[in-house]
Number of protein chains: 2
Amino acid sequence: MLSQFGDFLRIGLKLNVERPILAGVSGGPDSLCLLDLLHRHGFSVVVAHLDHGLRPESGAEARGMRLVAENLGLPFVLEACDVASLAKAQGLSLEEAARTVRYRFLFRQAGVYGAQAVAVGHNADDQVETVLMHFLRGAGLTGLEGMAAISLPNPWSDTIPLARPLLSVWREEILEYCQQRGLKPLFDSSNLDTGLFRNRLRQELIPALDEYIPGVRQRLWRMADLLAEDNAVLEELAAAARKICLASKGTGYLAFDARVLRDQSVAAQRRLIRWAVSELRPNIRDLDYAAVERALSLLKPLTPLAHQRDIALGLRAFLENGLLYIAAWDANLPIAQWPQITADDVLQIPGVVNLLAGWSLKGEFVRDLESVREQALENADPFRAWIDAGEIGSTLTVRGRRPGDSFQPLGMGGESTKLSDVMINEKIPRRARARWPLICTGEQIVWLPGFRIAHPFRLRPTTRHAIFLELSLSE
Amino acid sequence: MLSQFGDFLRIGLKLNVERPILAGVSGGPDSLCLLDLLHRHGFSVVVAHLDHGLRPESGAEARGMRLVAENLGLPFVLEACDVASLAKAQGLSLEEAARTVRYRFLFRQAGVYGAQAVAVGHNADDQVETVLMHFLRGAGLTGLEGMAAISLPNPWSDTIPLARPLLSVWREEILEYCQQRGLKPLFDSSNLDTGLFRNRLRQELIPALDEYIPGVRQRLWRMADLLAEDNAVLEELAAAARKICLASKGTGYLAFDARVLRDQSVAAQRRLIRWAVSELRPNIRDLDYAAVERALSLLKPLTPLAHQRDIALGLRAFLENGLLYIAAWDANLPIAQWPQITADDVLQIPGVVNLLAGWSLKGEFVRDLESVREQALENADPFRAWIDAGEIGSTLTVRGRRPGDSFQPLGMGGESTKLSDVMINEKIPRRARARWPLICTGEQIVWLPGFRIAHPFRLRPTTRHAIFLELSLSE
């Protein structure tokens with residue numbers, strides 16, 4: 001591998017020898033080997049080092065790295081960060097915090113130096129450890145495929161690729177190379193700490209697995225390669241599915257067209273839910289299998305309407321108006337599509353009450369009842385209502401629902417029902433119910449705008465005076 | 001799980017309580033539990049037992065199973081087989097031979113009894129062991145997805161599904177169930193043999209992994225479920241790709257349209273090669289990663305024509321006429337599409353020589369040379385040739401190539417070239433070269449039918465007598 005390294009950089013990774021590469025160099029064998037190889041193959045390298053401030057010797061190590069860069073005549077960028085404090089402040093593990101800070105630093109500097117890529121020193125053993133770690137956690141394909149030798153877009157940039165030129169080189173080969181070239185890698189004592197999961201895999205589990213199946217490292221490395229191609233196909237399909245399924249997106253929420261989503265393969269559905277969660281919670285890398293299944297359970301045919309389920313990470317899923325929402329519990333979801341009141345109000349007849357977002361309620365006396373009586377009795381338009389004005393006078397109130405509200409929907413035999421049940425049956429979205437306008441006289445509900453009038457206020461043959469009500473949305 | 005077992009059988013596995021199920025019952029806890037559950041849920045079960053003849057007590061065990069079936073009032077089918085001899089005869093491992101014999105027996109009997117399905121006792125732990133085994137071998141998705149709770153088609157039938165109703169039930173639950181129900185499972189001493197790979201996984205490796213990641217069994221079980229959905233999508237895509245890529249198929253070979261195959265995703269290409277190998281070698285379950293890559297390497301743009309590569313299992317891959325062949329080394333590949341001789345022959349002018357598969361060569365003197373001279377000089381049809389008859393007389397020979405044959409193709413400046421190089425340049429398929437007809441006079445090649453005449457025999461302004469030759473295929 002190392003003998004064809006130049007070809008691999010140019011052809012395999014499509015790196016251009018004319019343009020700078022920013023290399024993340026910790027000082028360990030991998031990154032020193034990477035730096036030396038890039039330099040020997042004629043690439044102009046910017047050496048970037050992050051002092052994580054986690055060990056007392058880190059400052060001295062940073063100075064050592066500066067010397068290495070200077071001896072090669074290469075630019076050196078240093079940044080120091082108190083990773084431990086940052087991890088504490090953000091509630092991240094040390095490894096996670098270090099990783100985040102490091103990659104942000106590298107990509108920021110790559111932008112500054114106009115680098116064609118950020119290169120890091122992950123080797124074939126790192127790949128195998130990554131795959132094994134994901135396997136043991138029961139990850140899906142996206143974990144099992146491991147790292148990519150070149151990835152764009154990546155979590156840190158849509159324009160600068162992340163390159164891992166040593167991904168198919170084994171650790172032994174790298175150590176041997178360092179020795180032959182007289183490179184002096186730093187020794188990171190944390191690599192010996194078997195309290196760290198990755199170190200236990202490296203030092204205990206992988207050697208043990210190799211006794212079960214000789215060559216297990218090579219096998220797992222190749223498997224990752226196979227699975228990456230499989231995953232690429234599935235990701236492409238999922239991206240296509242996303243285009244036709246995504247119905248709306250806003251701060252703290254996403255909504256899929258439930259009917260279209262149901263038509264996708266389960267594999268695509270799961271990827272779409274994972275994608276939605278990653279859009280809403282960009283810093284989370286692992287999402288539990290069961291969380292995805294909870295969201296998808298809402299697509300089953302017999303799921304009660306207005307049912308909602310906790311996903312994880314402060315997110316919930318619910319069905320509404322044919323949409324499957326994935327939303328933060330505290331998200332300010334859009335309600336502009338429904339009529340909503342701001343406060344209780346009075347509707348003078350004739351007169352108008354304005355609601356939120358362009359909706360309004362209008363009331364007027366019917367001047368010539370006989371000419372509209374037939375239309376009124378056969379009315380099928382839920383946005384219009386004709387009611388008996390007999391006992392009402394010229395004032396109606398517009399208010400939101402109150403505990404204990406009941407309602408006698410027209411056409412239900414005059415039976416009185418809990419308003420909350422009517423709202424559920426009528427599929428009024430849960431979050432729109434509290435501020436849904438109710439037209440009342442005294443405590444009694446006269447009309448549930450958009451749905452039905454109340455039985456006691458229906459037009460009768462004896463009705464002489466009627467009021468016409470209308471709910472409308474200005475364009 | 002066991003509490004909703006009836007629902008799972010009817011809804012999850014779509015089994016019909018009115019129709020018989022054939023259950024493979026070894027007598028171990030899994031199959032006894034399965035039998036008991038199916039019986040209690042009202043299914044009419046045919047109890048099938050194969051005596052593998054591997055342990056001295058196997059005959060007594062078979063009689064015990066007959067009693068179990070009789071006590072439940074169920075039909076019992078027994079077959080005895082000397083698996084050890086069979087394994088030796090077929091060069092298979094004991095496990096592999098036992099598996100093959102067992103499933104053939106079960107599906108054959110399922111046909112006899114008109115069973116709606118064959119049910120076997122694999123449990124959730126078996127699933128995890130299977131997934132882990134495939135992982136360690138570096139298998140692709142098709143291994144990592146593990147077993148399916150219901151599979152049709154399966155390797156043994158296109159019409160009778162294989163059901164694994166206990167696939168989501170853990171071994172502990174099954175043992176507990178057996179105890180509660182007073183079932184008396186047979187004890188299979190081979191389960192303790194840690195020389196067997198699966199037993200080592202079960203007894204040593206999985207408990208060890210559980211210390212790395214608690215709940216690793218559940219995680220791997222769920223992962224298999226995820227990956228099965230992913231694989232289903234990819235298999236469907238591969239089946240669609242197969243339809244448009246497969247160009248021909250015969251005994252011992254398959255051929256894909258190389259151009260169409262190149263347009264597929266690498267994931268689909270790999271699946272197609274695996275499929276081709278499984279069609280040609282149906283008993284082989286694992287195919288090496290590198291073998292697939294060797295076959296696919298022929299699709300790279302710079303692959304020399306007529307290049308061929310050994311795949312594995314006595315199969316090779318080669319490109320020919322725009323087709324990628326996967327073929328047994330000893331396969332009798334079709335050559336009907338090319339002219340081929342059976343033996344050396346004489347072409348009397350005028351006269352005809354018949355070749356294989358409807359091809360023939362005809363020769364005649366040109367009666368009125370002037371009337372065809374222009375056509376002859378401008379001839380672009382490689383199946384026809386006009387040659388100077390000056391030194392030939394009325395006899396030509398038709399023969400196959402001989403070592404050292406050289407040829408002076410017309411239009412190459414009269415230069416003499418090795419015939420074998422001409423054949424390669426002209427893309428004559430490798431296997432058609434030895435018996436490709438050559439029209440000769442003495443040792444000299446006059447015409448390579450289907451391609452070019454030789455420079456010395458071209459028509460010249462001074463030519464007075466000419467011979468017309470034609471290669472044709474009767475419909």
# chains A, B, ... in the order shown; residues from 1 in each chain; ligands from 1
$ select_by_dssp --residues "region 85-257 of chain A" --states "helix (DSSP H, G or I)" --output "short mmCIF file (atom, residue, chain, number, x, y, z; two decimals) with N, CA, C and O atoms, in the first residue's frame"
data_model
loop_
_atom_site.label_atom_id
_atom_site.label_comp_id
_atom_site.auth_asym_id
_atom_site.auth_seq_id
_atom_site.Cartn_x
_atom_site.Cartn_y
_atom_site.Cartn_z
N SER A 85 -12.82 21.45 30.51
CA SER A 85 -13.86 22.38 30.95
C SER A 85 -15.02 22.39 29.97
O SER A 85 -16.19 22.42 30.34
N LEU A 86 -14.65 22.37 28.68
CA LEU A 86 -15.68 22.41 27.64
C LEU A 86 -16.60 21.19 27.74
O LEU A 86 -17.83 21.29 27.61
N ALA A 87 -15.98 20.01 27.95
CA ALA A 87 -16.77 18.78 28.07
C ALA A 87 -17.75 18.91 29.22
O ALA A 87 -18.93 18.57 29.11
N LYS A 88 -17.24 19.43 30.34
CA LYS A 88 -18.09 19.58 31.51
C LYS A 88 -19.24 20.54 31.20
O LYS A 88 -20.41 20.25 31.47
N ALA A 89 -18.89 21.67 30.58
CA ALA A 89 -19.91 22.69 30.30
C ALA A 89 -21.00 22.16 29.36
O ALA A 89 -22.18 22.49 29.50
N GLN A 90 -20.59 21.34 28.40
CA GLN A 90 -21.57 20.89 27.40
C GLN A 90 -22.13 19.51 27.69
O GLN A 90 -22.90 18.97 26.89
N LEU A 94 -15.23 13.35 27.44
CA LEU A 94 -13.97 13.98 27.03
C LEU A 94 -13.67 13.71 25.56
O LEU A 94 -13.30 14.61 24.81
N GLU A 95 -13.85 12.43 25.15
CA GLU A 95 -13.54 12.05 23.78
C GLU A 95 -14.41 12.82 22.79
O GLU A 95 -13.94 13.32 21.77
N GLU A 96 -15.70 12.89 23.14
CA GLU A 96 -16.65 13.56 22.24
C GLU A 96 -16.32 15.04 22.12
O GLU A 96 -16.30 15.61 21.02
N ALA A 97 -16.03 15.68 23.26
CA ALA A 97 -15.71 17.11 23.25
C ALA A 97 -14.43 17.35 22.46
O ALA A 97 -14.36 18.27 21.62
N ALA A 98 -13.41 16.50 22.69
CA ALA A 98 -12.12 16.67 22.00
C ALA A 98 -12.32 16.56 20.49
O ALA A 98 -11.79 17.34 19.71
N ARG A 99 -13.11 15.58 20.11
CA ARG A 99 -13.37 15.32 18.70
C ARG A 99 -14.04 16.53 18.04
O ARG A 99 -13.63 16.99 16.97
N THR A 100 -15.06 17.05 18.71
CA THR A 100 -15.81 18.18 18.16
C THR A 100 -14.89 19.40 17.98
O THR A 100 -14.84 20.01 16.91
N VAL A 101 -14.16 19.72 19.04
CA VAL A 101 -13.27 20.88 18.99
C VAL A 101 -12.22 20.70 17.90
O VAL A 101 -11.93 21.61 17.12
N ARG A 102 -11.67 19.50 17.84
CA ARG A 102 -10.58 19.24 16.91
C ARG A 102 -11.02 19.43 15.45
O ARG A 102 -10.39 20.14 14.68
N TYR A 103 -12.14 18.80 15.11
CA TYR A 103 -12.57 18.88 13.71
C TYR A 103 -13.00 20.29 13.35
O TYR A 103 -12.77 20.74 12.23
N ARG A 104 -13.64 20.98 14.27
CA ARG A 104 -14.02 22.37 13.96
C ARG A 104 -12.77 23.21 13.68
O ARG A 104 -12.73 23.99 12.74
N PHE A 105 -11.75 23.02 14.53
CA PHE A 105 -10.48 23.72 14.35
C PHE A 105 -9.88 23.40 12.97
O PHE A 105 -9.52 24.30 12.20
N LEU A 106 -9.83 22.11 12.65
CA LEU A 106 -9.17 21.71 11.39
C LEU A 106 -9.90 22.29 10.18
O LEU A 106 -9.27 22.83 9.26
N PHE A 107 -11.22 22.22 10.18
CA PHE A 107 -11.95 22.71 9.01
C PHE A 107 -11.94 24.23 8.93
O PHE A 107 -11.92 24.79 7.84
N ARG A 108 -11.93 24.88 10.10
CA ARG A 108 -11.83 26.34 10.08
C ARG A 108 -10.50 26.76 9.45
O ARG A 108 -10.45 27.59 8.56
N GLN A 109 -9.42 26.11 9.89
CA GLN A 109 -8.11 26.46 9.36
C GLN A 109 -7.96 26.07 7.89
O GLN A 109 -7.29 26.76 7.12
N ALA A 110 -8.60 24.96 7.50
CA ALA A 110 -8.56 24.56 6.09
C ALA A 110 -9.18 25.66 5.24
O ALA A 110 -8.70 25.96 4.15
N GLY A 111 -10.25 26.27 5.76
CA GLY A 111 -10.87 27.39 5.05
C GLY A 111 -9.91 28.56 4.96
O GLY A 111 -9.70 29.15 3.88
N VAL A 112 -9.27 28.88 6.07
CA VAL A 112 -8.33 30.01 6.11
C VAL A 112 -7.20 29.82 5.10
O VAL A 112 -6.84 30.74 4.37
N ALA A 124 -5.98 1.41 9.21
CA ALA A 124 -6.86 0.25 9.00
C ALA A 124 -7.30 -0.36 10.33
O ALA A 124 -8.44 -0.84 10.46
N ASP A 125 -6.43 -0.33 11.34
CA ASP A 125 -6.83 -0.86 12.65
C ASP A 125 -7.91 0.02 13.28
O ASP A 125 -8.85 -0.49 13.90
N ASP A 126 -7.79 1.33 13.11
CA ASP A 126 -8.84 2.22 13.62
C ASP A 126 -10.18 1.87 12.97
O ASP A 126 -11.23 1.87 13.61
N GLN A 127 -10.13 1.59 11.66
CA GLN A 127 -11.34 1.23 10.93
C GLN A 127 -11.98 -0.01 11.55
O GLN A 127 -13.18 -0.05 11.82
N VAL A 128 -11.15 -1.03 11.78
CA VAL A 128 -11.68 -2.29 12.33
C VAL A 128 -12.27 -2.05 13.72
O VAL A 128 -13.34 -2.57 14.05
N GLU A 129 -11.58 -1.24 14.52
CA GLU A 129 -12.10 -0.97 15.87
C GLU A 129 -13.44 -0.23 15.79
O GLU A 129 -14.36 -0.51 16.56
N THR A 130 -13.52 0.70 14.87
CA THR A 130 -14.78 1.45 14.70
C THR A 130 -15.92 0.51 14.31
O THR A 130 -17.02 0.57 14.86
N VAL A 131 -15.64 -0.36 13.35
CA VAL A 131 -16.67 -1.30 12.88
C VAL A 131 -17.11 -2.22 14.02
O VAL A 131 -18.30 -2.44 14.25
N LEU A 132 -16.13 -2.73 14.75
CA LEU A 132 -16.45 -3.64 15.85
C LEU A 132 -17.25 -2.94 16.94
O LEU A 132 -18.23 -3.49 17.46
N MET A 133 -16.89 -1.71 17.23
CA MET A 133 -17.60 -0.94 18.25
C MET A 133 -19.06 -0.75 17.84
O MET A 133 -19.98 -0.95 18.63
N HIS A 134 -19.27 -0.39 16.59
CA HIS A 134 -20.64 -0.21 16.11
C HIS A 134 -21.41 -1.53 16.10
O HIS A 134 -22.59 -1.57 16.41
N PHE A 135 -20.72 -2.59 15.74
CA PHE A 135 -21.37 -3.90 15.73
C PHE A 135 -21.86 -4.26 17.12
O PHE A 135 -23.02 -4.63 17.31
N LEU A 136 -20.97 -4.12 18.10
CA LEU A 136 -21.35 -4.51 19.47
C LEU A 136 -22.50 -3.65 19.99
O LEU A 136 -23.32 -4.11 20.78
N ARG A 137 -22.57 -2.42 19.52
CA ARG A 137 -23.69 -1.57 19.94
C ARG A 137 -24.96 -1.87 19.18
O ARG A 137 -26.00 -1.30 19.45
N LEU A 141 -26.31 -0.15 9.26
CA LEU A 141 -25.28 -0.09 8.22
C LEU A 141 -24.39 1.13 8.32
O LEU A 141 -23.20 1.07 8.07
N THR A 142 -24.99 2.27 8.68
CA THR A 142 -24.22 3.51 8.72
C THR A 142 -23.09 3.42 9.73
O THR A 142 -22.08 4.09 9.59
N GLY A 143 -23.24 2.60 10.76
CA GLY A 143 -22.14 2.37 11.68
C GLY A 143 -21.19 1.29 11.17
O GLY A 143 -19.98 1.45 11.21
N LEU A 144 -21.77 0.22 10.63
CA LEU A 144 -20.95 -0.92 10.22
C LEU A 144 -20.06 -0.62 9.03
O LEU A 144 -19.08 -1.31 8.80
N ARG A 171 -1.56 -0.65 11.40
CA ARG A 171 -0.73 0.02 12.41
C ARG A 171 0.72 -0.47 12.37
O ARG A 171 1.65 0.33 12.49
N GLU A 172 0.92 -1.77 12.21
CA GLU A 172 2.29 -2.31 12.15
C GLU A 172 3.10 -1.65 11.04
O GLU A 172 4.26 -1.30 11.21
N GLU A 173 2.46 -1.51 9.87
CA GLU A 173 3.17 -0.91 8.73
C GLU A 173 3.57 0.52 9.03
O GLU A 173 4.63 1.00 8.63
N ILE A 174 2.68 1.23 9.75
CA ILE A 174 2.95 2.63 10.08
C ILE A 174 4.12 2.74 11.06
O ILE A 174 5.02 3.57 10.88
N LEU A 175 4.11 1.86 12.06
CA LEU A 175 5.21 1.89 13.04
C LEU A 175 6.54 1.57 12.36
O LEU A 175 7.56 2.21 12.63
N GLU A 176 6.49 0.60 11.47
CA GLU A 176 7.69 0.22 10.74
C GLU A 176 8.19 1.38 9.89
O GLU A 176 9.39 1.67 9.83
N TYR A 177 7.24 2.04 9.23
CA TYR A 177 7.59 3.20 8.40
C TYR A 177 8.24 4.29 9.25
O TYR A 177 9.26 4.86 8.86
N CYS A 178 7.67 4.56 10.42
CA CYS A 178 8.22 5.60 11.30
C CYS A 178 9.66 5.26 11.67
O CYS A 178 10.54 6.13 11.68
N GLN A 179 9.88 3.97 11.97
CA GLN A 179 11.22 3.55 12.35
C GLN A 179 12.20 3.72 11.20
O GLN A 179 13.27 4.31 11.36
N GLN A 180 11.80 3.24 10.03
CA GLN A 180 12.67 3.35 8.84
C GLN A 180 13.02 4.79 8.52
O GLN A 180 14.12 5.10 8.10
N SER A 189 0.02 8.26 26.52
CA SER A 189 -0.20 7.26 27.58
C SER A 189 -1.67 6.85 27.67
O SER A 189 -1.99 5.78 28.16
N SER A 190 -2.58 7.68 27.16
CA SER A 190 -4.01 7.33 27.28
C SER A 190 -4.34 6.13 26.39
O SER A 190 -5.37 5.48 26.57
N ASN A 191 -3.46 5.81 25.43
CA ASN A 191 -3.70 4.62 24.61
C ASN A 191 -3.60 3.33 25.40
O ASN A 191 -4.03 2.29 24.94
N LEU A 192 -2.96 3.39 26.56
CA LEU A 192 -2.83 2.19 27.38
C LEU A 192 -3.99 2.02 28.35
O LEU A 192 -4.14 0.98 28.98
N PHE A 197 -13.00 2.38 26.16
CA PHE A 197 -13.60 1.27 25.44
C PHE A 197 -12.77 0.86 24.23
O PHE A 197 -12.48 -0.31 24.01
N ARG A 198 -12.34 1.87 23.46
CA ARG A 198 -11.61 1.56 22.25
C ARG A 198 -10.29 0.84 22.55
O ARG A 198 -9.89 -0.08 21.84
N ASN A 199 -9.64 1.25 23.63
CA ASN A 199 -8.39 0.59 23.98
C ASN A 199 -8.61 -0.86 24.39
O ASN A 199 -7.78 -1.72 24.11
N ARG A 200 -9.73 -1.14 25.05
CA ARG A 200 -10.02 -2.53 25.43
C ARG A 200 -10.24 -3.38 24.18
O ARG A 200 -9.80 -4.52 24.11
N LEU A 201 -10.95 -2.79 23.21
CA LEU A 201 -11.16 -3.54 21.97
C LEU A 201 -9.82 -3.85 21.32
O LEU A 201 -9.55 -4.98 20.91
N ARG A 202 -8.97 -2.82 21.26
CA ARG A 202 -7.70 -2.95 20.56
C ARG A 202 -6.79 -3.97 21.22
O ARG A 202 -6.20 -4.81 20.58
N GLN A 203 -6.71 -3.86 22.55
CA GLN A 203 -5.72 -4.66 23.25
C GLN A 203 -6.21 -6.03 23.70
O GLN A 203 -5.42 -6.96 23.83
N GLU A 204 -7.51 -6.14 23.91
CA GLU A 204 -8.00 -7.43 24.43
C GLU A 204 -8.90 -8.16 23.42
O GLU A 204 -8.67 -9.30 23.07
N LEU A 205 -9.95 -7.44 22.98
CA LEU A 205 -10.98 -8.16 22.23
C LEU A 205 -10.52 -8.59 20.84
O LEU A 205 -10.72 -9.74 20.45
N ILE A 206 -9.91 -7.67 20.09
CA ILE A 206 -9.53 -8.02 18.71
C ILE A 206 -8.52 -9.17 18.69
O ILE A 206 -8.70 -10.13 17.93
N PRO A 207 -7.48 -9.14 19.55
CA PRO A 207 -6.60 -10.32 19.59
C PRO A 207 -7.35 -11.60 19.94
O PRO A 207 -7.06 -12.67 19.40
N ALA A 208 -8.34 -11.49 20.84
CA ALA A 208 -9.11 -12.68 21.20
C ALA A 208 -9.94 -13.18 20.02
O ALA A 208 -10.01 -14.38 19.76
N LEU A 209 -10.55 -12.24 19.29
CA LEU A 209 -11.37 -12.64 18.14
C LEU A 209 -10.50 -13.30 17.07
O LEU A 209 -10.95 -14.21 16.38
N ASP A 210 -9.28 -12.83 16.95
CA ASP A 210 -8.40 -13.40 15.95
C ASP A 210 -8.12 -14.87 16.23
O ASP A 210 -7.77 -15.62 15.32
N GLU A 211 -8.28 -15.30 17.47
CA GLU A 211 -8.12 -16.72 17.77
C GLU A 211 -9.35 -17.52 17.34
O GLU A 211 -9.25 -18.71 17.07
N TYR A 212 -10.50 -16.86 17.30
CA TYR A 212 -11.70 -17.55 16.80
C TYR A 212 -11.63 -17.69 15.29
O TYR A 212 -11.90 -18.74 14.72
N VAL A 216 -9.16 -11.96 11.35
CA VAL A 216 -10.44 -11.28 11.56
C VAL A 216 -10.33 -9.79 11.23
O VAL A 216 -11.28 -9.20 10.74
N ARG A 217 -9.15 -9.20 11.47
CA ARG A 217 -9.01 -7.77 11.16
C ARG A 217 -9.20 -7.52 9.66
O ARG A 217 -9.95 -6.63 9.26
N GLN A 218 -8.53 -8.32 8.85
CA GLN A 218 -8.67 -8.15 7.41
C GLN A 218 -10.11 -8.38 6.96
O GLN A 218 -10.63 -7.67 6.11
N ARG A 219 -10.73 -9.37 7.58
CA ARG A 219 -12.12 -9.67 7.21
C ARG A 219 -13.05 -8.50 7.53
O ARG A 219 -13.92 -8.13 6.74
N LEU A 220 -12.86 -7.93 8.71
CA LEU A 220 -13.74 -6.83 9.10
C LEU A 220 -13.47 -5.59 8.25
O LEU A 220 -14.38 -4.85 7.91
N TRP A 221 -12.21 -5.39 7.90
CA TRP A 221 -11.88 -4.24 7.06
C TRP A 221 -12.57 -4.35 5.71
O TRP A 221 -13.19 -3.40 5.22
N ARG A 222 -12.52 -5.56 5.13
CA ARG A 222 -13.17 -5.77 3.84
C ARG A 222 -14.68 -5.67 3.94
O ARG A 222 -15.35 -5.18 3.04
N MET A 223 -15.20 -6.17 5.05
CA MET A 223 -16.65 -6.10 5.24
C MET A 223 -17.11 -4.66 5.22
O MET A 223 -18.13 -4.32 4.61
N ALA A 224 -16.35 -3.79 5.90
CA ALA A 224 -16.73 -2.38 5.93
C ALA A 224 -16.78 -1.83 4.51
O ALA A 224 -17.70 -1.08 4.15
N ASP A 225 -15.84 -2.26 3.69
CA ASP A 225 -15.79 -1.81 2.31
C ASP A 225 -17.05 -2.26 1.55
O ASP A 225 -17.69 -1.48 0.85
N LEU A 226 -17.41 -3.52 1.73
CA LEU A 226 -18.64 -4.05 1.11
C LEU A 226 -19.86 -3.26 1.56
O LEU A 226 -20.70 -2.84 0.76
N LEU A 227 -19.96 -3.07 2.87
CA LEU A 227 -21.17 -2.45 3.42
C LEU A 227 -21.26 -0.98 3.05
O LEU A 227 -22.36 -0.43 2.92
N ALA A 228 -20.10 -0.34 2.84
CA ALA A 228 -20.14 1.07 2.44
C ALA A 228 -20.83 1.22 1.09
O ALA A 228 -21.61 2.15 0.87
N GLU A 229 -20.57 0.28 0.18
CA GLU A 229 -21.22 0.34 -1.14
C GLU A 229 -22.72 0.09 -1.00
O GLU A 229 -23.53 0.74 -1.67
N ASP A 230 -23.08 -0.87 -0.14
CA ASP A 230 -24.50 -1.13 0.09
C ASP A 230 -25.17 0.11 0.67
O ASP A 230 -26.24 0.53 0.24
N ASN A 231 -24.49 0.70 1.65
CA ASN A 231 -25.09 1.85 2.31
C ASN A 231 -25.22 3.03 1.36
O ASN A 231 -26.19 3.80 1.44
N ALA A 232 -24.26 3.17 0.46
CA ALA A 232 -24.32 4.28 -0.49
C ALA A 232 -25.60 4.20 -1.31
O ALA A 232 -26.29 5.21 -1.53
N VAL A 233 -25.94 2.99 -1.73
CA VAL A 233 -27.17 2.81 -2.52
C VAL A 233 -28.39 3.18 -1.68
O VAL A 233 -29.28 3.92 -2.13
N LEU A 234 -28.41 2.69 -0.44
CA LEU A 234 -29.57 2.93 0.41
C LEU A 234 -29.68 4.41 0.78
O LEU A 234 -30.80 4.95 0.87
N GLU A 235 -28.56 5.06 0.98
CA GLU A 235 -28.61 6.49 1.31
C GLU A 235 -29.14 7.30 0.13
O GLU A 235 -29.87 8.26 0.30
N GLU A 236 -28.75 6.87 -1.06
CA GLU A 236 -29.23 7.56 -2.25
C GLU A 236 -30.75 7.40 -2.38
O GLU A 236 -31.47 8.36 -2.66
N LEU A 237 -31.21 6.18 -2.14
CA LEU A 237 -32.66 5.93 -2.18
C LEU A 237 -33.37 6.76 -1.11
O LEU A 237 -34.44 7.32 -1.35
N ALA A 238 -32.76 6.83 0.08
CA ALA A 238 -33.39 7.57 1.17
C ALA A 238 -33.44 9.06 0.83
O ALA A 238 -34.43 9.74 1.14
N ALA A 239 -32.40 9.56 0.18
CA ALA A 239 -32.39 10.97 -0.19
C ALA A 239 -33.51 11.25 -1.19
O ALA A 239 -34.20 12.29 -1.12
N ALA A 240 -33.71 10.31 -2.11
CA ALA A 240 -34.80 10.48 -3.08
C ALA A 240 -36.15 10.41 -2.36
O ALA A 240 -37.06 11.21 -2.65
N ALA A 241 -36.27 9.48 -1.43
CA ALA A 241 -37.52 9.34 -0.67
C ALA A 241 -37.79 10.61 0.14
O ALA A 241 -38.94 11.05 0.26
N ARG A 242 -36.73 11.19 0.68
CA ARG A 242 -36.87 12.39 1.49
C ARG A 242 -37.52 13.50 0.68
O ARG A 242 -38.38 14.21 1.16
N LYS A 243 -37.07 13.62 -0.57
CA LYS A 243 -37.62 14.68 -1.42
C LYS A 243 -39.12 14.57 -1.58
O LYS A 243 -39.81 15.59 -1.62
N ILE A 244 -39.62 13.34 -1.71
CA ILE A 244 -41.06 13.22 -1.94
C ILE A 244 -41.85 13.10 -0.64
O ILE A 244 -43.05 13.29 -0.64
N CYS A 245 -41.17 12.81 0.47
CA CYS A 245 -41.90 12.62 1.74
C CYS A 245 -41.95 13.88 2.59
O CYS A 245 -42.90 14.07 3.34
#
$ select_by_dssp --residues "region 158-349 of chain A" --states "strand (DSSP E or B)" --output "ChimeraX atom specification"
/A:162-163,246-250,253-257,308-312,315-320,323-328,345-348
$ residues_around --residues "region 368-380 of chain B" --least-positions-apart "6" --cutoff "12 Å" --atoms "only C-alpha atoms" --output "PyMOL selection string"
chain B and resi 386-389+410-411+450-453+458-469
$ residues_around --residues "Thr395 (chain A)" --least-positions-apart "5" --cutoff "8 Å" --atoms "only C-alpha atoms" --output "list of chain:residue names"
A:Val346, A:Leu347, A:Gln348, A:Ile349, A:Thr441
$ residues_around --residues "Ser44 (chain B)" --least-positions-apart "3" --cutoff "12 Å" --atoms "only C-alpha atoms" --output "list of chain:residue names"
B:Leu15, B:Asn16, B:Val17, B:Glu18, B:Arg19, B:Pro20, B:Ile21, B:Leu22, B:Ala23, B:Leu35, B:Asp36, B:Leu37, B:Leu38, B:His39, B:Arg40, B:His41, B:Val47, B:Ala69, B:Leu72, B:Gly73, B:Leu74, B:Pro75, B:Phe76, B:Tyr113, B:Gly114, B:Ala115, B:Gln116, B:Ala117
$ atom_distance --atom1 "CA of Ile284 (chain B)" --atom2 "CA of Gly24 (chain B)"
23.3 Å
$ residues_around --residues "region 432-436 of chain A" --least-positions-apart "2" --cutoff "7 Å" --atoms "only C-alpha atoms" --output "tab-separated table (two decimals) with C-alpha atoms, in the first residue's frame"
chain	number	residue	atom	x	y	z
A	335	ILE	CA	-50.84	26.92	13.68
A	339	PRO	CA	-58.44	29.57	12.99
A	340	GLN	CA	-57.20	30.56	16.46
A	341	ILE	CA	-58.30	33.26	18.88
A	400	GLY	CA	-61.87	29.36	23.65
A	401	ARG	CA	-62.94	26.09	25.27
A	428	ILE	CA	-59.05	19.06	15.27
A	429	PRO	CA	-55.29	19.01	15.85
A	430	ARG	CA	-54.51	18.68	19.53
A	438	LEU	CA	-66.37	28.85	19.78
